[in-house]
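Read through the structure below, which is laid out as structure tokens, and then see the notes.
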Amino acid sequence: MLDYGRILTYNRVYKKAFVGLLVFALALIGLEVGPGGFGAKAFADASNAQGVSIDAGGAGDGAAFAADEYYTGGSEGTNTTASNGDTGFSTVANPIPQTDWNTYRYGSFSYQVPDLSVGGEYQVRLYFLDWQNTQTGLRAFDVDINGTPVLDNFDIVQTYSNKGGDGSYIGVEEDLNETADANGNITIQFSAGSESVPLVNAIAVVPVAVNASGVSLDSGGLGDGGTVDTAGSALAETGWVATSNTDSAPSDVAQNAISGDTGARYSSDADQAFGDYWQVNLGSAQSFDEIELDSGGFTGDYARDYEVQVSNNGTTFTNVYNGTGTASPEIANFAAQTAQYIRVVLEFGSTTNWWSLVNVLVYGSGSPSTGFVADNYYSGGSEGTNTTGSNGFTDFTTVTNPIPQNDWNTFRYGPSTYTIPDLTPGAGYQVRLYFLDWQNTQNGQRVFNVDINGTAVLTNFDIEQAYSNAGGDGSYAGVEEDFNETADAGGDITIQFLTGSVSVPQINAIALVPTAS
């Protein structure tokens, strides 16, 4: 028998011609190309950088999830129970169509999802529903991603039973944040565990908007070593009320994490499980941009993968941070939020540790970022450094948002493009461009153009003229130009520095800051 899963990995350049010839050849020898062959496959786009969703074992739903692809091994299965199950259960953070629950791949198998952004961060969402079993202990298997174990002796029914499942057919979602390897792949391996064989109903690989809260770049330089935010002070915890959804002992209640007594703790009093959460009601809406989760002396009881969510009504929560824990304490920095409720939700279980918190601190929003990271996301141009022996006049009145001296002192020059990825698609950002010409102090010696997302924003731009128009005196003065822009559907903003009438473009620093929605 031909292995059609392997055929799909052949060079995409030739796939259409190859498929046509193969189908014709199969017809000549009397083999039918039916549901188990190419008719059930959906070829991937040329690039999966913006994510991909797979209906494991199925033909897709005609919209969100494509037909089964990128797999090796295993067999297709279908729901034959005549039930649609209880797939709206609270453990499913991102619901999927019913038809995708109704099919699955089972046995020992793997998926290698290609054509992702090399080094890009993705949330891998695995959807499980066991249509054969409604009791715990009848199916337990392992899942590795890129060679690292993420689920150990995973029991689908046990997972939803821990969340109040009643033995019916309930869908479970497990979310893991992963990084595409040097080839742009994420490989998911499903292996036999202690009981029966693995299965998965659907897989979604979704880009994580790691720059959603903004990014600052030291063009041509190594950055100034600053942090995303200058932290504010820890908020007073008076009147706060903490709760959780775990069955904790009276001595390990949620309130212990904000009691000020580091000798007391909140504990899950059971193995960490997907969907466990600890929550605090601040009593009123407050502004904050950082939380610290400290497991104290219970050093192994830190959260492995978790979300930080906020709410103003205690019912509808918005995710503001995804974290991967490696030790305690864990610190989550995010864009400033104003909310009354904070919830920390586990996205990954651990069969070796409980979840403990002896102290949770919430830090008020601090001063805006002045921390610029090393030059990144560029193509073209060359690096340059200030060699004048002067620090210039970088606090000139045309600079609305001052930056550290170190970031003025380096620059990228020549035609270049910055494509800033991993922003929130469709969200607004203020693009701040910082210019200081260390070679020239007279008008007309450097004139160039700047486009953002294909639209001209600066035409025949002369750095010296810009600050001369504002009262410049021919010294080395910094200039800031600000533009409100929207991240495209892929979560990118592209900035092009183009040659104009004299010399070549240059840029000293770039900052992207979310605008108020």
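Naming scheme: A, B, ... for chains in displayed order of the structure tokens; residues 1 onward per chain; ligands 1 onward as shown.
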
Show me, as a count of residues only, the residues that have an atom within 10 Å of Ala327 in chain A when counting only C-alpha atoms, minus same-chain residues fewer than 2 positions from it.
12

Shell of 7 Å around Leu129 in chain A, only C-alpha atoms, local chain residues under 6 positions omitted, as a list in words:
Trp101, Ile156, Tyr169, Ile170, Gly171, Val172 and Asn201 of chain A

Write the selection just made, keeping all heavy atoms, as a PDB file, in the first residue's frame?
```pdb
ATOM      1  N   TRP A 101     -14.548  17.274  16.881  1.00  0.00           N
ATOM      2  CA  TRP A 101     -14.555  16.361  18.028  1.00  0.00           C
ATOM      3  C   TRP A 101     -14.868  14.923  17.583  1.00  0.00           C
ATOM      4  O   TRP A 101     -14.406  13.959  18.196  1.00  0.00           O
ATOM      5  CB  TRP A 101     -15.611  16.777  19.043  1.00  0.00           C
ATOM      6  CG  TRP A 101     -15.321  18.003  19.851  1.00  0.00           C
ATOM      7  CD1 TRP A 101     -15.973  19.198  19.796  1.00  0.00           C
ATOM      8  CD2 TRP A 101     -14.301  18.162  20.850  1.00  0.00           C
ATOM      9  NE1 TRP A 101     -15.427  20.090  20.690  1.00  0.00           N
ATOM     10  CE2 TRP A 101     -14.408  19.478  21.355  1.00  0.00           C
ATOM     11  CE3 TRP A 101     -13.314  17.318  21.364  1.00  0.00           C
ATOM     12  CZ2 TRP A 101     -13.567  19.965  22.350  1.00  0.00           C
ATOM     13  CZ3 TRP A 101     -12.477  17.808  22.355  1.00  0.00           C
ATOM     14  CH2 TRP A 101     -12.597  19.107  22.836  1.00  0.00           C
ATOM     15  N   ILE A 156      -7.553  11.095  29.710  1.00  0.00           N
ATOM     16  CA  ILE A 156      -8.529  12.099  29.297  1.00  0.00           C
ATOM     17  C   ILE A 156      -9.688  12.174  30.287  1.00  0.00           C
ATOM     18  O   ILE A 156     -10.078  13.262  30.743  1.00  0.00           O
ATOM     19  CB  ILE A 156      -9.074  11.782  27.887  1.00  0.00           C
ATOM     20  CG1 ILE A 156      -7.939  11.756  26.864  1.00  0.00           C
ATOM     21  CG2 ILE A 156     -10.139  12.788  27.474  1.00  0.00           C
ATOM     22  CD1 ILE A 156      -8.329  11.197  25.507  1.00  0.00           C
ATOM     23  N   TYR A 169     -19.340  11.934  27.847  1.00  0.00           N
ATOM     24  CA  TYR A 169     -18.318  12.216  26.844  1.00  0.00           C
ATOM     25  C   TYR A 169     -17.999  13.713  26.867  1.00  0.00           C
ATOM     26  O   TYR A 169     -18.770  14.525  26.348  1.00  0.00           O
ATOM     27  CB  TYR A 169     -18.798  11.807  25.453  1.00  0.00           C
ATOM     28  CG  TYR A 169     -19.133  10.335  25.338  1.00  0.00           C
ATOM     29  CD1 TYR A 169     -20.454   9.911  25.235  1.00  0.00           C
ATOM     30  CD2 TYR A 169     -18.135   9.376  25.333  1.00  0.00           C
ATOM     31  CE1 TYR A 169     -20.764   8.561  25.119  1.00  0.00           C
ATOM     32  CE2 TYR A 169     -18.433   8.027  25.215  1.00  0.00           C
ATOM     33  CZ  TYR A 169     -19.752   7.631  25.115  1.00  0.00           C
ATOM     34  OH  TYR A 169     -20.052   6.297  25.007  1.00  0.00           O
ATOM     35  N   ILE A 170     -16.884  14.071  27.459  1.00  0.00           N
ATOM     36  CA  ILE A 170     -16.532  15.469  27.652  1.00  0.00           C
ATOM     37  C   ILE A 170     -15.206  15.769  26.967  1.00  0.00           C
ATOM     38  O   ILE A 170     -14.230  15.038  27.126  1.00  0.00           O
ATOM     39  CB  ILE A 170     -16.455  15.827  29.143  1.00  0.00           C
ATOM     40  CG1 ILE A 170     -17.842  15.629  29.799  1.00  0.00           C
ATOM     41  CG2 ILE A 170     -15.976  17.257  29.337  1.00  0.00           C
ATOM     42  CD1 ILE A 170     -17.865  15.913  31.267  1.00  0.00           C
ATOM     43  N   GLY A 171     -15.168  16.884  26.221  1.00  0.00           N
ATOM     44  CA  GLY A 171     -13.944  17.292  25.547  1.00  0.00           C
ATOM     45  C   GLY A 171     -12.993  18.001  26.489  1.00  0.00           C
ATOM     46  O   GLY A 171     -13.404  18.732  27.384  1.00  0.00           O
ATOM     47  N   VAL A 172     -11.705  17.758  26.284  1.00  0.00           N
ATOM     48  CA  VAL A 172     -10.644  18.358  27.097  1.00  0.00           C
ATOM     49  C   VAL A 172      -9.652  19.036  26.172  1.00  0.00           C
ATOM     50  O   VAL A 172      -9.283  18.478  25.133  1.00  0.00           O
ATOM     51  CB  VAL A 172      -9.929  17.288  27.947  1.00  0.00           C
ATOM     52  CG1 VAL A 172      -8.729  17.887  28.674  1.00  0.00           C
ATOM     53  CG2 VAL A 172     -10.889  16.669  28.945  1.00  0.00           C
ATOM     54  N   ASN A 201      -8.089  14.315  18.980  1.00  0.00           N
ATOM     55  CA  ASN A 201      -9.207  14.652  18.103  1.00  0.00           C
ATOM     56  C   ASN A 201      -8.915  15.833  17.190  1.00  0.00           C
ATOM     57  O   ASN A 201      -9.415  15.906  16.069  1.00  0.00           O
ATOM     58  CB  ASN A 201     -10.454  14.958  18.933  1.00  0.00           C
ATOM     59  CG  ASN A 201     -10.875  13.790  19.788  1.00  0.00           C
ATOM     60  OD1 ASN A 201     -10.187  13.456  20.755  1.00  0.00           O
ATOM     61  ND2 ASN A 201     -11.988  13.149  19.458  1.00  0.00           N
TER      62      ASN A 201
END
```

When you look at range 146-150 of chain A with a cut-off of 9 Å (counting only C-alpha atoms), what residues show up, excluding the ones that are within fewer than 5 positions of it in the same chain? I need them as a count of residues only.
12

Measuring atom to atom with only C-alpha atoms, identify which of A:Gly392, A:Gly119, A:Gly414, A:Pro425 is nearest to Leu498 in chain A.
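Residue with the minimum atom-to-atom distance to Leu498 in chain A: A:Gly414.
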
Running DSSP on the backbone, which parts of range 106-253 of chain A land in helix (DSSP H, G or I), as JSON, numbers by chain?
{"A": [156, 157, 158, 159, 160, 161, 162, 250, 251, 252]}

Limited to all heavy atoms, could you put the picked residues into a file as a PDB file, in the first residue's frame?
```pdb
ATOM      1  N   ILE A 156      -7.553  11.095  29.710  1.00  0.00           N
ATOM      2  CA  ILE A 156      -8.529  12.099  29.297  1.00  0.00           C
ATOM      3  C   ILE A 156      -9.688  12.174  30.287  1.00  0.00           C
ATOM      4  O   ILE A 156     -10.078  13.262  30.743  1.00  0.00           O
ATOM      5  CB  ILE A 156      -9.074  11.782  27.887  1.00  0.00           C
ATOM      6  CG1 ILE A 156      -7.939  11.756  26.864  1.00  0.00           C
ATOM      7  CG2 ILE A 156     -10.139  12.788  27.474  1.00  0.00           C
ATOM      8  CD1 ILE A 156      -8.329  11.197  25.507  1.00  0.00           C
ATOM      9  N   VAL A 157     -10.224  11.029  30.632  1.00  0.00           N
ATOM     10  CA  VAL A 157     -11.392  10.999  31.513  1.00  0.00           C
ATOM     11  C   VAL A 157     -11.029  11.509  32.902  1.00  0.00           C
ATOM     12  O   VAL A 157     -11.794  12.244  33.533  1.00  0.00           O
ATOM     13  CB  VAL A 157     -11.992   9.586  31.565  1.00  0.00           C
ATOM     14  CG1 VAL A 157     -13.180   9.540  32.513  1.00  0.00           C
ATOM     15  CG2 VAL A 157     -12.420   9.144  30.167  1.00  0.00           C
ATOM     16  N   GLN A 158      -9.832  11.128  33.386  1.00  0.00           N
ATOM     17  CA  GLN A 158      -9.401  11.605  34.699  1.00  0.00           C
ATOM     18  C   GLN A 158      -9.285  13.118  34.711  1.00  0.00           C
ATOM     19  O   GLN A 158      -9.636  13.783  35.687  1.00  0.00           O
ATOM     20  CB  GLN A 158      -8.053  10.991  35.072  1.00  0.00           C
ATOM     21  CG  GLN A 158      -7.544  11.414  36.448  1.00  0.00           C
ATOM     22  CD  GLN A 158      -8.430  10.879  37.571  1.00  0.00           C
ATOM     23  OE1 GLN A 158      -8.648   9.682  37.662  1.00  0.00           O
ATOM     24  NE2 GLN A 158      -8.961  11.776  38.386  1.00  0.00           N
ATOM     25  N   THR A 159      -8.802  13.677  33.613  1.00  0.00           N
ATOM     26  CA  THR A 159      -8.632  15.130  33.544  1.00  0.00           C
ATOM     27  C   THR A 159      -9.953  15.846  33.719  1.00  0.00           C
ATOM     28  O   THR A 159     -10.067  16.787  34.498  1.00  0.00           O
ATOM     29  CB  THR A 159      -7.980  15.525  32.212  1.00  0.00           C
ATOM     30  OG1 THR A 159      -6.705  14.888  32.115  1.00  0.00           O
ATOM     31  CG2 THR A 159      -7.797  17.026  32.113  1.00  0.00           C
ATOM     32  N   TYR A 160     -10.973  15.404  32.993  1.00  0.00           N
ATOM     33  CA  TYR A 160     -12.240  16.121  33.165  1.00  0.00           C
ATOM     34  C   TYR A 160     -12.964  15.693  34.429  1.00  0.00           C
ATOM     35  O   TYR A 160     -13.749  16.471  34.987  1.00  0.00           O
ATOM     36  CB  TYR A 160     -13.126  16.054  31.922  1.00  0.00           C
ATOM     37  CG  TYR A 160     -13.740  14.741  31.515  1.00  0.00           C
ATOM     38  CD1 TYR A 160     -14.710  14.112  32.283  1.00  0.00           C
ATOM     39  CD2 TYR A 160     -13.411  14.153  30.296  1.00  0.00           C
ATOM     40  CE1 TYR A 160     -15.305  12.933  31.865  1.00  0.00           C
ATOM     41  CE2 TYR A 160     -14.005  12.978  29.870  1.00  0.00           C
ATOM     42  CZ  TYR A 160     -14.953  12.369  30.662  1.00  0.00           C
ATOM     43  OH  TYR A 160     -15.539  11.206  30.238  1.00  0.00           O
ATOM     44  N   SER A 161     -12.677  14.516  34.952  1.00  0.00           N
ATOM     45  CA  SER A 161     -13.249  14.140  36.246  1.00  0.00           C
ATOM     46  C   SER A 161     -12.729  15.051  37.348  1.00  0.00           C
ATOM     47  O   SER A 161     -13.451  15.429  38.264  1.00  0.00           O
ATOM     48  CB  SER A 161     -12.921  12.683  36.579  1.00  0.00           C
ATOM     49  OG  SER A 161     -13.561  11.803  35.683  1.00  0.00           O
ATOM     50  N   ASN A 162     -11.445  15.420  37.249  1.00  0.00           N
ATOM     51  CA  ASN A 162     -10.870  16.345  38.227  1.00  0.00           C
ATOM     52  C   ASN A 162     -11.571  17.697  38.195  1.00  0.00           C
ATOM     53  O   ASN A 162     -11.539  18.444  39.162  1.00  0.00           O
ATOM     54  CB  ASN A 162      -9.382  16.554  37.961  1.00  0.00           C
ATOM     55  CG  ASN A 162      -8.549  15.347  38.364  1.00  0.00           C
ATOM     56  OD1 ASN A 162      -9.001  14.502  39.119  1.00  0.00           O
ATOM     57  ND2 ASN A 162      -7.327  15.283  37.850  1.00  0.00           N
ATOM     58  N   PRO A 250      -8.571  22.799  54.882  1.00  0.00           N
ATOM     59  CA  PRO A 250      -8.825  24.061  55.584  1.00  0.00           C
ATOM     60  C   PRO A 250      -7.548  24.823  55.920  1.00  0.00           C
ATOM     61  O   PRO A 250      -7.562  26.061  56.002  1.00  0.00           O
ATOM     62  CB  PRO A 250      -9.561  23.611  56.849  1.00  0.00           C
ATOM     63  CG  PRO A 250     -10.230  22.331  56.457  1.00  0.00           C
ATOM     64  CD  PRO A 250      -9.283  21.659  55.508  1.00  0.00           C
ATOM     65  N   SER A 251      -6.432  24.125  56.097  1.00  0.00           N
ATOM     66  CA  SER A 251      -5.179  24.797  56.437  1.00  0.00           C
ATOM     67  C   SER A 251      -4.450  25.341  55.218  1.00  0.00           C
ATOM     68  O   SER A 251      -3.453  26.058  55.349  1.00  0.00           O
ATOM     69  CB  SER A 251      -4.250  23.824  57.176  1.00  0.00           C
ATOM     70  OG  SER A 251      -3.972  22.694  56.359  1.00  0.00           O
ATOM     71  N   ASP A 252      -4.947  25.014  54.000  1.00  0.00           N
ATOM     72  CA  ASP A 252      -4.255  25.405  52.772  1.00  0.00           C
ATOM     73  C   ASP A 252      -5.148  26.246  51.858  1.00  0.00           C
ATOM     74  O   ASP A 252      -5.054  26.161  50.636  1.00  0.00           O
ATOM     75  CB  ASP A 252      -3.787  24.159  52.008  1.00  0.00           C
ATOM     76  CG  ASP A 252      -2.652  23.434  52.710  1.00  0.00           C
ATOM     77  OD1 ASP A 252      -1.955  24.072  53.516  1.00  0.00           O
ATOM     78  OD2 ASP A 252      -2.479  22.226  52.459  1.00  0.00           O
TER      79      ASP A 252
END
```

Go through A:Gly428, A:Pro114, A:Pro97, A:Gly74 and flag the residue nearest Leu199 in chain A, using only C-alpha atoms for the distances.
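The shortest atom-to-atom distance to Leu199 in chain A comes from A:Gly74.
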
Excluding Glu480 in chain A and its own-chain neighbours fewer than 3 positions away, which residues fall within 6 Å of it when counting only C-alpha atoms? Please give them as a short mmCIF file (atom, residue, chain, number, x, y, z; two decimals) with C-alpha atoms, in the first residue's frame.
```cif
data_model
loop_
_atom_site.label_atom_id
_atom_site.label_comp_id
_atom_site.auth_asym_id
_atom_site.auth_seq_id
_atom_site.Cartn_x
_atom_site.Cartn_y
_atom_site.Cartn_z
CA VAL A 399 11.59 64.37 21.75
CA LEU A 433 11.07 56.59 15.35
CA TYR A 434 14.18 58.21 16.83
#
```

Quick one: contact table of range 48-104 of chain A to range 481-493 of chain A, 10 Å max, nearest atom pair and distance in Å to one decimal per residue, counting only C-alpha atoms, chain and number order, as a tab-separated table?
```
residue	atom	partner	partner_atom	distance
A:Ala49	CA	A:Gly490	CA	8.4
A:Gln50	CA	A:Gly490	CA	6.2
A:Gly51	CA	A:Gly490	CA	9.7
```

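Distance check against Tyr413 in chain A using only C-alpha atoms: of A:Gly426, A:Pro198, A:Gly384, A:Pro95, the minimum falls on A:Gly384.
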
Using the chain letters and numbers from this document, which residues of range 99-347 of chain A does DSSP assign to strand (DSSP E or B), as a PyMOL selection string?
chain A and resi 103-113+121-128+140-145+148-154+170+172-179+186-195+199-200+202-207+215-218+223+230+234+241-244+266-267+272+277-294+305-311+318-324+330-346

All residues 9 Å or closer to Asp100 in chain A, only C-alpha atoms, same chain fewer than 2 positions away omitted, as number ranges by chain:
A: 54-61, 65, 96-98, 102-104, 201-202

Show which residues sit within 8 Å of Phe393 in chain A, as a PDB file with C-alpha atoms, in the first residue's frame. Count only C-alpha atoms, and ignore same-chain residues fewer than 3 positions away.
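Resulting contents of selection_5.pdb:
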```pdb
ATOM      1  CA  PHE A 396      15.610  68.437  22.694  1.00  0.00           C
ATOM      2  CA  SER A 475      24.300  70.772  17.113  1.00  0.00           C
ATOM      3  CA  TYR A 476      23.662  67.055  17.447  1.00  0.00           C
ATOM      4  CA  ALA A 477      19.985  67.033  18.411  1.00  0.00           C
ATOM      5  CA  GLY A 478      17.648  64.042  18.609  1.00  0.00           C
TER       6      GLY A 478
END
```

Computed gap from CA of Val320 in chain A to CA of Gly214 in chain A is 12.9 Å
